[in-house]
Amino acid sequence: MDNHSNSTNGTSNQPLAAVVVGGGAAGIAVVGNLLEALSPTSSIAWVDYQFLGGRINAKYREVPSNTKVCHFLSYGQGVEPFKKIAEDTPKPNAIATLEDLPHGDTCSLQYAGDMLQMLSDGLLKHDRVTSWRGTVTDAEWDSESSTWSLTIKDDVPNVIQRPKAPLVVYCTGALPTISPLPTALSRTPIILALDIFLKPSLLAETLPRDRDMCVGVIGASHSAVLVLMNLFTLSQDSHPQLRVRWFSRARNLKYAEDKGDWILYDNTGLKGVAAQFAQEHLDGDKLLHSDVGKIITRVDCSGGEEQETQAYLQEMPACEYVTQAIGFHTTPLPMKQKVSFDHETGGFIDQKTRQPVPGLFGAGIGFPERVVDPLGNVEYAVGFIKFMRFLKRVVPGWVDTSKK
């Protein structure tokens with residue numbers, strides 16, 4: 001079978017044991033874990049519109065990671081199907097390249113993206129995996145047969161597929177959040193996607209080089225710091241007339257802190273090169289004493305919604321472009337039933353009956369595990385190795401539930 005087509009492979013005459021939707025880091029990890037947890041004669045359907053390693057590989061290859069190389073390797077060697085793919089892929093392959101990097105350092109996400117692509121390609125060749133390029137547009141539960149029926153649309157050949165399985169896992173990710181700007185602005189800047197600012201090569205092509213220009217950056221997250229770093233670097237090279245206004249509620253930024261056997265603010269604190277740049281140039285009054293402060297001006301948005309709006313009205317009209325680094329929102333599920341996610345089990349709850357939805361699960365940045373640190377801080381675990389650890393814990397239970 002050509003696994004990238006809409007045909008089916010040799011195992012498709014058997015009932016599907018599961019359908020996995022999404023081809024990024026979480027989707028790849030779910031397929032690997034299901035291959036281990038399900039019967040060795042079972043078949044898995046895998047749905048994605050590209051099978052190119054998700055948004056990490058498509059959008060964020062130039063982003064410096066906040067994950068150490070050793071954790072990427074732990075993900076890449078986390079299940080036996082992954083180990084088999086690494087053994088069968090001629091060297092130097094993506095995992096071998098990661099192994100040659102300093103294991104205690106972070107790295108560019110291009111290395112992680114290459115690993116995802118290698119694992120994706122290997123899973124597509126697996127004799128128990130049937131793949132469809134397309135988008136799931138609907139999903140309905142049939143209580144009589146205890147199966148989900150999915151509608152998959154492939155826009156290229158305009159073909160509809162309707163696989164059925166007792167277990168469906170959504171790993172459909174999340175997108176950068178965009179919030180409306182105040183309507184009373186005397187001049188409204190053009191909103192540019194966060195993804196552009198996280199890819200320096202594309203950012204350099206997008207922003208004009210030959211005139212004075214001010215760009216606004218909203219937020220104080222890890223992504224916001226990376227954007228500020230990219231803009232400063234650009235101003236020192238190809239865009240010397242570029243200036244930045246940084247709209248931030250936080251004067252003092254939050255950093256991940258290594259506590260030995262655990263990390264404080266592991267999922268919300270700054271790490272890696274973003275943390276270094278912030279500590280040296282942005283935190284507190286550092287901008288006043290740094291060359292970065294000649295390019296970036298902080299606009300204080302603290303004090304509540306009214307004060308933030310006033311800061312926007314006063315300072316944002318000077319910006320020609322603006323981007324928002326204020327978080328990510330989950331991609332909506334393609335189903336009529338209203339559900340909420342259970343961050344402990346990876347399952348879903350029917351919002352009407354408050355009962356668990358049978359056979360429906362999620363993972364990844366859109367559906368992360370909720371974790372509590374020793375001080376009681378609640379965070380959501382996002383990252384390659386965190387997805388893998390979560391799935392190692394919950395997938396056996398998913399499989400057992402789907403058999404009942």
# chains A, B, ... in the order shown; residues from 1 in each chain; ligands from 1
>>> select_by_dssp(residues="stretch 90-336 of chain A", states="strand (DSSP E)", output="ChimeraX atom specification")
/A:106-108,129-133,135-142,147-154,159-161,164-165,168-170,174-176,190-191,213-218,242-248,257-258,263-264,296-300,321-324,328-330
>>> select_by_dssp(residues="stretch 143-338 of chain A", states="helix (DSSP H, G or I)", output="PDB file with N, CA and C atoms, in the first residue's frame")
ATOM      1  N   LEU A 194       2.166  35.103  15.046  1.00  0.00           N
ATOM      2  CA  LEU A 194       3.303  34.792  15.914  1.00  0.00           C
ATOM      3  C   LEU A 194       4.305  33.894  15.195  1.00  0.00           C
ATOM      4  N   ASP A 195       3.810  32.966  14.391  1.00  0.00           N
ATOM      5  CA  ASP A 195       4.695  32.030  13.700  1.00  0.00           C
ATOM      6  C   ASP A 195       5.741  32.745  12.846  1.00  0.00           C
ATOM      7  N   ILE A 196       5.374  33.886  12.270  1.00  0.00           N
ATOM      8  CA  ILE A 196       6.329  34.649  11.452  1.00  0.00           C
ATOM      9  C   ILE A 196       7.491  35.123  12.314  1.00  0.00           C
ATOM     10  N   PHE A 197       7.193  35.593  13.515  1.00  0.00           N
ATOM     11  CA  PHE A 197       8.216  36.159  14.398  1.00  0.00           C
ATOM     12  C   PHE A 197       9.093  35.087  15.025  1.00  0.00           C
ATOM     13  N   PRO A 200      13.129  33.478  12.129  1.00  0.00           N
ATOM     14  CA  PRO A 200      13.899  34.662  11.766  1.00  0.00           C
ATOM     15  C   PRO A 200      14.067  34.873  10.264  1.00  0.00           C
ATOM     16  N   SER A 201      14.239  33.805   9.501  1.00  0.00           N
ATOM     17  CA  SER A 201      14.420  33.969   8.052  1.00  0.00           C
ATOM     18  C   SER A 201      13.175  34.548   7.406  1.00  0.00           C
ATOM     19  N   LEU A 202      11.992  34.116   7.848  1.00  0.00           N
ATOM     20  CA  LEU A 202      10.744  34.645   7.311  1.00  0.00           C
ATOM     21  C   LEU A 202      10.470  36.041   7.837  1.00  0.00           C
ATOM     22  N   LEU A 203      10.812  36.298   9.084  1.00  0.00           N
ATOM     23  CA  LEU A 203      10.620  37.623   9.674  1.00  0.00           C
ATOM     24  C   LEU A 203      11.435  38.670   8.920  1.00  0.00           C
ATOM     25  N   ALA A 204      12.668  38.323   8.555  1.00  0.00           N
ATOM     26  CA  ALA A 204      13.525  39.262   7.819  1.00  0.00           C
ATOM     27  C   ALA A 204      12.942  39.607   6.455  1.00  0.00           C
ATOM     28  N   GLU A 205      12.246  38.659   5.846  1.00  0.00           N
ATOM     29  CA  GLU A 205      11.629  38.911   4.537  1.00  0.00           C
ATOM     30  C   GLU A 205      10.324  39.693   4.662  1.00  0.00           C
ATOM     31  N   THR A 206       9.661  39.575   5.808  1.00  0.00           N
ATOM     32  CA  THR A 206       8.334  40.165   5.983  1.00  0.00           C
ATOM     33  C   THR A 206       8.389  41.646   6.334  1.00  0.00           C
ATOM     34  N   HIS A 222       7.445  32.701  27.138  1.00  0.00           N
ATOM     35  CA  HIS A 222       8.657  32.203  26.487  1.00  0.00           C
ATOM     36  C   HIS A 222       8.689  32.635  25.017  1.00  0.00           C
ATOM     37  N   SER A 223       7.549  32.501  24.344  1.00  0.00           N
ATOM     38  CA  SER A 223       7.483  32.907  22.935  1.00  0.00           C
ATOM     39  C   SER A 223       7.735  34.401  22.779  1.00  0.00           C
ATOM     40  N   ALA A 224       7.191  35.204  23.695  1.00  0.00           N
ATOM     41  CA  ALA A 224       7.384  36.654  23.611  1.00  0.00           C
ATOM     42  C   ALA A 224       8.864  37.013  23.715  1.00  0.00           C
ATOM     43  N   VAL A 225       9.571  36.371  24.625  1.00  0.00           N
ATOM     44  CA  VAL A 225      11.000  36.655  24.778  1.00  0.00           C
ATOM     45  C   VAL A 225      11.764  36.246  23.524  1.00  0.00           C
ATOM     46  N   LEU A 226      11.415  35.111  22.936  1.00  0.00           N
ATOM     47  CA  LEU A 226      12.066  34.698  21.690  1.00  0.00           C
ATOM     48  C   LEU A 226      11.804  35.709  20.571  1.00  0.00           C
ATOM     49  N   VAL A 227      10.583  36.244  20.508  1.00  0.00           N
ATOM     50  CA  VAL A 227      10.255  37.255  19.501  1.00  0.00           C
ATOM     51  C   VAL A 227      11.108  38.501  19.716  1.00  0.00           C
ATOM     52  N   LEU A 228      11.200  38.953  20.951  1.00  0.00           N
ATOM     53  CA  LEU A 228      12.013  40.139  21.251  1.00  0.00           C
ATOM     54  C   LEU A 228      13.477  39.892  20.886  1.00  0.00           C
ATOM     55  N   MET A 229      13.960  38.722  21.168  1.00  0.00           N
ATOM     56  CA  MET A 229      15.341  38.365  20.827  1.00  0.00           C
ATOM     57  C   MET A 229      15.547  38.384  19.317  1.00  0.00           C
ATOM     58  N   ASN A 230      14.592  37.823  18.576  1.00  0.00           N
ATOM     59  CA  ASN A 230      14.706  37.803  17.114  1.00  0.00           C
ATOM     60  C   ASN A 230      14.661  39.208  16.537  1.00  0.00           C
ATOM     61  N   LEU A 231      13.797  40.057  17.078  1.00  0.00           N
ATOM     62  CA  LEU A 231      13.698  41.432  16.571  1.00  0.00           C
ATOM     63  C   LEU A 231      14.961  42.226  16.884  1.00  0.00           C
ATOM     64  N   PHE A 232      15.500  42.044  18.075  1.00  0.00           N
ATOM     65  CA  PHE A 232      16.752  42.746  18.396  1.00  0.00           C
ATOM     66  C   PHE A 232      17.878  42.312  17.465  1.00  0.00           C
ATOM     67  N   THR A 233      17.988  41.005  17.247  1.00  0.00           N
ATOM     68  CA  THR A 233      19.020  40.494  16.332  1.00  0.00           C
ATOM     69  C   THR A 233      18.853  41.085  14.948  1.00  0.00           C
ATOM     70  N   LEU A 234      17.615  41.191  14.483  1.00  0.00           N
ATOM     71  CA  LEU A 234      17.335  41.763  13.166  1.00  0.00           C
ATOM     72  C   LEU A 234      17.764  43.230  13.109  1.00  0.00           C
ATOM     73  N   SER A 235      17.528  43.954  14.201  1.00  0.00           N
ATOM     74  CA  SER A 235      17.873  45.380  14.233  1.00  0.00           C
ATOM     75  C   SER A 235      19.381  45.605  14.181  1.00  0.00           C
ATOM     76  N   GLY A 272      16.596  27.970  28.809  1.00  0.00           N
ATOM     77  CA  GLY A 272      17.497  28.021  27.659  1.00  0.00           C
ATOM     78  C   GLY A 272      17.915  29.429  27.277  1.00  0.00           C
ATOM     79  N   VAL A 273      18.063  29.658  25.973  1.00  0.00           N
ATOM     80  CA  VAL A 273      18.558  30.948  25.491  1.00  0.00           C
ATOM     81  C   VAL A 273      17.564  32.070  25.770  1.00  0.00           C
ATOM     82  N   ALA A 274      16.261  31.739  25.834  1.00  0.00           N
ATOM     83  CA  ALA A 274      15.263  32.760  26.169  1.00  0.00           C
ATOM     84  C   ALA A 274      15.486  33.255  27.595  1.00  0.00           C
ATOM     85  N   ALA A 275      15.730  32.343  28.519  1.00  0.00           N
ATOM     86  CA  ALA A 275      15.997  32.734  29.897  1.00  0.00           C
ATOM     87  C   ALA A 275      17.273  33.566  29.992  1.00  0.00           C
ATOM     88  N   GLN A 276      18.308  33.181  29.276  1.00  0.00           N
ATOM     89  CA  GLN A 276      19.570  33.918  29.305  1.00  0.00           C
ATOM     90  C   GLN A 276      19.391  35.332  28.775  1.00  0.00           C
ATOM     91  N   PHE A 277      18.689  35.465  27.645  1.00  0.00           N
ATOM     92  CA  PHE A 277      18.456  36.788  27.055  1.00  0.00           C
ATOM     93  C   PHE A 277      17.639  37.663  28.007  1.00  0.00           C
ATOM     94  N   ALA A 278      16.610  37.086  28.616  1.00  0.00           N
ATOM     95  CA  ALA A 278      15.757  37.850  29.526  1.00  0.00           C
ATOM     96  C   ALA A 278      16.521  38.293  30.770  1.00  0.00           C
ATOM     97  N   GLN A 279      17.306  37.396  31.348  1.00  0.00           N
ATOM     98  CA  GLN A 279      18.054  37.735  32.556  1.00  0.00           C
ATOM     99  C   GLN A 279      19.087  38.826  32.290  1.00  0.00           C
ATOM    100  N   GLU A 280      19.674  38.795  31.106  1.00  0.00           N
ATOM    101  CA  GLU A 280      20.726  39.757  30.796  1.00  0.00           C
ATOM    102  C   GLU A 280      20.185  41.106  30.336  1.00  0.00           C
ATOM    103  N   HIS A 281      19.010  41.114  29.698  1.00  0.00           N
ATOM    104  CA  HIS A 281      18.590  42.334  29.017  1.00  0.00           C
ATOM    105  C   HIS A 281      17.189  42.841  29.341  1.00  0.00           C
ATOM    106  N   LEU A 282      16.285  41.989  29.821  1.00  0.00           N
ATOM    107  CA  LEU A 282      14.884  42.381  29.916  1.00  0.00           C
ATOM    108  C   LEU A 282      14.360  42.514  31.336  1.00  0.00           C
ATOM    109  N   LYS A 286      16.724  45.971  33.630  1.00  0.00           N
ATOM    110  CA  LYS A 286      17.871  45.649  32.776  1.00  0.00           C
ATOM    111  C   LYS A 286      17.842  46.405  31.447  1.00  0.00           C
ATOM    112  N   LEU A 287      16.656  46.658  30.908  1.00  0.00           N
ATOM    113  CA  LEU A 287      16.576  47.379  29.630  1.00  0.00           C
ATOM    114  C   LEU A 287      17.221  48.755  29.712  1.00  0.00           C
ATOM    115  N   LEU A 288      17.184  49.373  30.893  1.00  0.00           N
ATOM    116  CA  LEU A 288      17.751  50.718  31.054  1.00  0.00           C
ATOM    117  C   LEU A 288      19.258  50.729  30.921  1.00  0.00           C
ATOM    118  N   HIS A 289      19.890  49.591  31.113  1.00  0.00           N
ATOM    119  CA  HIS A 289      21.356  49.509  31.145  1.00  0.00           C
ATOM    120  C   HIS A 289      21.909  48.612  30.045  1.00  0.00           C
ATOM    121  N   ASP A 291      22.174  47.534  25.713  1.00  0.00           N
ATOM    122  CA  ASP A 291      22.016  47.988  24.327  1.00  0.00           C
ATOM    123  C   ASP A 291      20.659  47.575  23.765  1.00  0.00           C
ATOM    124  N   VAL A 292      20.097  46.495  24.306  1.00  0.00           N
ATOM    125  CA  VAL A 292      18.775  46.056  23.866  1.00  0.00           C
ATOM    126  C   VAL A 292      17.745  47.152  24.133  1.00  0.00           C
ATOM    127  N   GLY A 293      17.946  47.912  25.221  1.00  0.00           N
ATOM    128  CA  GLY A 293      17.029  48.990  25.561  1.00  0.00           C
ATOM    129  C   GLY A 293      17.030  50.132  24.570  1.00  0.00           C
ATOM    130  N   LYS A 294      18.037  50.202  23.699  1.00  0.00           N
ATOM    131  CA  LYS A 294      18.045  51.215  22.641  1.00  0.00           C
ATOM    132  C   LYS A 294      17.087  50.849  21.508  1.00  0.00           C
ATOM    133  N   GLU A 305      -7.227  45.543  33.665  1.00  0.00           N
ATOM    134  CA  GLU A 305      -7.686  45.684  32.283  1.00  0.00           C
ATOM    135  C   GLU A 305      -7.772  47.137  31.835  1.00  0.00           C
ATOM    136  N   GLU A 306      -8.244  48.015  32.688  1.00  0.00           N
ATOM    137  CA  GLU A 306      -8.393  49.417  32.304  1.00  0.00           C
ATOM    138  C   GLU A 306      -7.042  50.067  32.034  1.00  0.00           C
ATOM    139  N   GLN A 307      -6.073  49.799  32.897  1.00  0.00           N
ATOM    140  CA  GLN A 307      -4.739  50.359  32.705  1.00  0.00           C
ATOM    141  C   GLN A 307      -4.075  49.788  31.456  1.00  0.00           C
ATOM    142  N   GLU A 308      -4.311  48.501  31.210  1.00  0.00           N
ATOM    143  CA  GLU A 308      -3.736  47.880  30.012  1.00  0.00           C
ATOM    144  C   GLU A 308      -4.317  48.513  28.751  1.00  0.00           C
ATOM    145  N   THR A 309      -5.613  48.719  28.732  1.00  0.00           N
ATOM    146  CA  THR A 309      -6.242  49.353  27.573  1.00  0.00           C
ATOM    147  C   THR A 309      -5.691  50.755  27.351  1.00  0.00           C
ATOM    148  N   GLN A 310      -5.511  51.514  28.421  1.00  0.00           N
ATOM    149  CA  GLN A 310      -4.961  52.866  28.285  1.00  0.00           C
ATOM    150  C   GLN A 310      -3.542  52.839  27.731  1.00  0.00           C
ATOM    151  N   ALA A 311      -2.753  51.853  28.157  1.00  0.00           N
ATOM    152  CA  ALA A 311      -1.388  51.713  27.621  1.00  0.00           C
ATOM    153  C   ALA A 311      -1.427  51.426  26.122  1.00  0.00           C
ATOM    154  N   TYR A 312      -2.364  50.570  25.696  1.00  0.00           N
ATOM    155  CA  TYR A 312      -2.520  50.279  24.270  1.00  0.00           C
ATOM    156  C   TYR A 312      -2.903  51.548  23.502  1.00  0.00           C
ATOM    157  N   LEU A 313      -3.881  52.266  24.020  1.00  0.00           N
ATOM    158  CA  LEU A 313      -4.377  53.456  23.317  1.00  0.00           C
ATOM    159  C   LEU A 313      -3.285  54.507  23.173  1.00  0.00           C
ATOM    160  N   GLN A 314      -2.413  54.598  24.163  1.00  0.00           N
ATOM    161  CA  GLN A 314      -1.375  55.619  24.132  1.00  0.00           C
ATOM    162  C   GLN A 314      -0.183  55.219  23.271  1.00  0.00           C
ATOM    163  N   GLU A 315       0.219  53.976  23.345  1.00  0.00           N
ATOM    164  CA  GLU A 315       1.489  53.564  22.741  1.00  0.00           C
ATOM    165  C   GLU A 315       1.365  52.763  21.444  1.00  0.00           C
ATOM    166  N   MET A 316       0.263  52.059  21.254  1.00  0.00           N
ATOM    167  CA  MET A 316       0.174  51.167  20.101  1.00  0.00           C
ATOM    168  C   MET A 316       0.014  51.867  18.760  1.00  0.00           C
ATOM    169  N   PRO A 317      -0.589  53.052  18.688  1.00  0.00           N
ATOM    170  CA  PRO A 317      -0.689  53.720  17.382  1.00  0.00           C
ATOM    171  C   PRO A 317       0.658  54.009  16.716  1.00  0.00           C
ATOM    172  N   ALA A 318       1.732  54.004  17.493  1.00  0.00           N
ATOM    173  CA  ALA A 318       3.060  54.213  16.908  1.00  0.00           C
ATOM    174  C   ALA A 318       3.586  52.970  16.210  1.00  0.00           C
TER     175      ALA A 318
END
>>> atom_distance(atom1="atom CA of A:Thr130", atom2="atom CA of A:Ala45")
4.7 Å
>>> atom_distance(atom1="atom CA of A:Ala165", atom2="atom CA of A:Gly113")
29.6 Å
>>> closest_residue(among="A:Val378, A:Val47, A:Ile95, A:Val169", to="A:Asn33", atoms="only C-alpha atoms")
A:Val169
>>> residues_around(residues="A:Glu257", least_positions_apart="2", cutoff="9 Å", atoms="only C-alpha atoms", output="MDAnalysis selection string")
chainID A and resid 255 259 262:266 269 271
>>> write_last_selection(atoms="C-alpha atoms", output="PDB file, in the first residue's frame")
ATOM      1  CA  TYR A 255      12.151  31.390  35.225  1.00  0.00           C
ATOM      2  CA  LYS A 259      15.437  22.017  42.484  1.00  0.00           C
ATOM      3  CA  TRP A 262      12.183  18.488  40.256  1.00  0.00           C
ATOM      4  CA  ILE A 263      11.893  21.821  38.432  1.00  0.00           C
ATOM      5  CA  LEU A 264       9.927  24.776  39.766  1.00  0.00           C
ATOM      6  CA  TYR A 265       7.876  26.419  36.971  1.00  0.00           C
ATOM      7  CA  ASP A 266       8.919  23.604  34.649  1.00  0.00           C
ATOM      8  CA  GLY A 269       9.130  29.472  33.388  1.00  0.00           C
ATOM      9  CA  LYS A 271      14.494  28.233  29.957  1.00  0.00           C
TER      10      LYS A 271
END
>>> residues_around(residues="A:Leu150", least_positions_apart="2", cutoff="8 Å", atoms="only C-alpha atoms", output="compact mmCIF listing (two decimals) with N, CA, C and O atoms, in the first residue's frame")
# COMPACT_ATOMS: atom_id res chain seq x y z
N VAL A 136 -10.36 15.26 9.68
CA VAL A 136 -11.59 14.72 10.27
C VAL A 136 -12.60 15.86 10.40
O VAL A 136 -12.32 16.89 11.03
N THR A 137 -13.77 15.69 9.80
CA THR A 137 -14.79 16.73 9.81
C THR A 137 -15.97 16.40 10.71
O THR A 137 -16.78 17.28 11.02
N ASP A 138 -16.08 15.14 11.15
CA ASP A 138 -17.18 14.77 12.02
C ASP A 138 -16.84 13.46 12.72
O ASP A 138 -16.04 12.64 12.20
N ALA A 139 -17.45 13.27 13.89
CA ALA A 139 -17.25 12.02 14.64
C ALA A 139 -18.52 11.74 15.43
O ALA A 139 -19.04 12.62 16.13
N GLU A 140 -19.02 10.50 15.33
CA GLU A 140 -20.24 10.12 16.04
C GLU A 140 -20.04 8.76 16.70
O GLU A 140 -19.44 7.86 16.12
N TRP A 148 -16.72 4.42 17.27
CA TRP A 148 -16.79 5.76 16.71
C TRP A 148 -16.78 5.67 15.19
O TRP A 148 -16.04 4.86 14.63
N ILE A 152 -13.69 11.54 7.21
CA ILE A 152 -12.39 12.11 6.85
C ILE A 152 -12.48 12.65 5.43
O ILE A 152 -12.80 11.91 4.50
N GLN A 161 -13.66 9.37 3.51
CA GLN A 161 -13.47 8.07 4.15
C GLN A 161 -14.24 8.07 5.47
O GLN A 161 -14.37 9.10 6.14
N ARG A 162 -14.74 6.90 5.89
CA ARG A 162 -15.50 6.79 7.13
C ARG A 162 -15.03 5.57 7.94
O ARG A 162 -15.74 4.57 8.02
N PRO A 163 -13.86 5.66 8.54
CA PRO A 163 -13.39 4.54 9.36
C PRO A 163 -14.17 4.45 10.67
O PRO A 163 -14.71 5.44 11.17
N LYS A 164 -14.21 3.25 11.24
CA LYS A 164 -14.87 3.01 12.52
C LYS A 164 -13.90 2.29 13.45
O LYS A 164 -13.17 1.40 13.03
>>> atom_distance(atom1="atom CA of A:Arg61", atom2="atom CA of A:Leu109")
4.8 Å
>>> residues_around(residues="A:Val168", least_positions_apart="4", cutoff="6 Å", atoms="only C-alpha atoms", output="list of chain:residue names")
A:Ala18, A:Val19, A:Val20, A:Leu360
>>> write_last_selection(atoms="C-alpha atoms", output="short mmCIF file (atom, residue, chain, number, x, y, z; two decimals), in the first residue's frame")
data_model
loop_
_atom_site.label_atom_id
_atom_site.label_comp_id
_atom_site.auth_asym_id
_atom_site.auth_seq_id
_atom_site.Cartn_x
_atom_site.Cartn_y
_atom_site.Cartn_z
CA ALA A 18 -7.99 2.63 17.07
CA VAL A 19 -7.88 5.84 15.07
CA VAL A 20 -5.25 8.48 15.85
CA LEU A 360 -12.51 9.16 23.18
#
>>> residues_around(residues="A:Ser74", least_positions_apart="4", cutoff="8 Å", atoms="only C-alpha atoms", output="list of chain:residue names")
A:Cys70, A:Gly78, A:Ile385
>>> write_last_selection(atoms="N, CA, C and O atoms", output="tab-separated table (two decimals), in the first residue's frame")
chain	number	residue	atom	x	y	z
A	70	CYS	N	18.96	15.31	25.77
A	70	CYS	CA	18.72	13.99	26.38
A	70	CYS	C	17.23	13.66	26.45
A	70	CYS	O	16.84	12.49	26.33
A	78	GLY	N	11.50	6.01	23.20
A	78	GLY	CA	10.54	5.73	24.26
A	78	GLY	C	9.73	4.48	24.11
A	78	GLY	O	9.21	3.95	25.10
A	385	ILE	N	9.05	14.79	25.93
A	385	ILE	CA	9.19	13.72	26.90
A	385	ILE	C	7.99	13.70	27.85
A	385	ILE	O	7.60	12.64	28.36
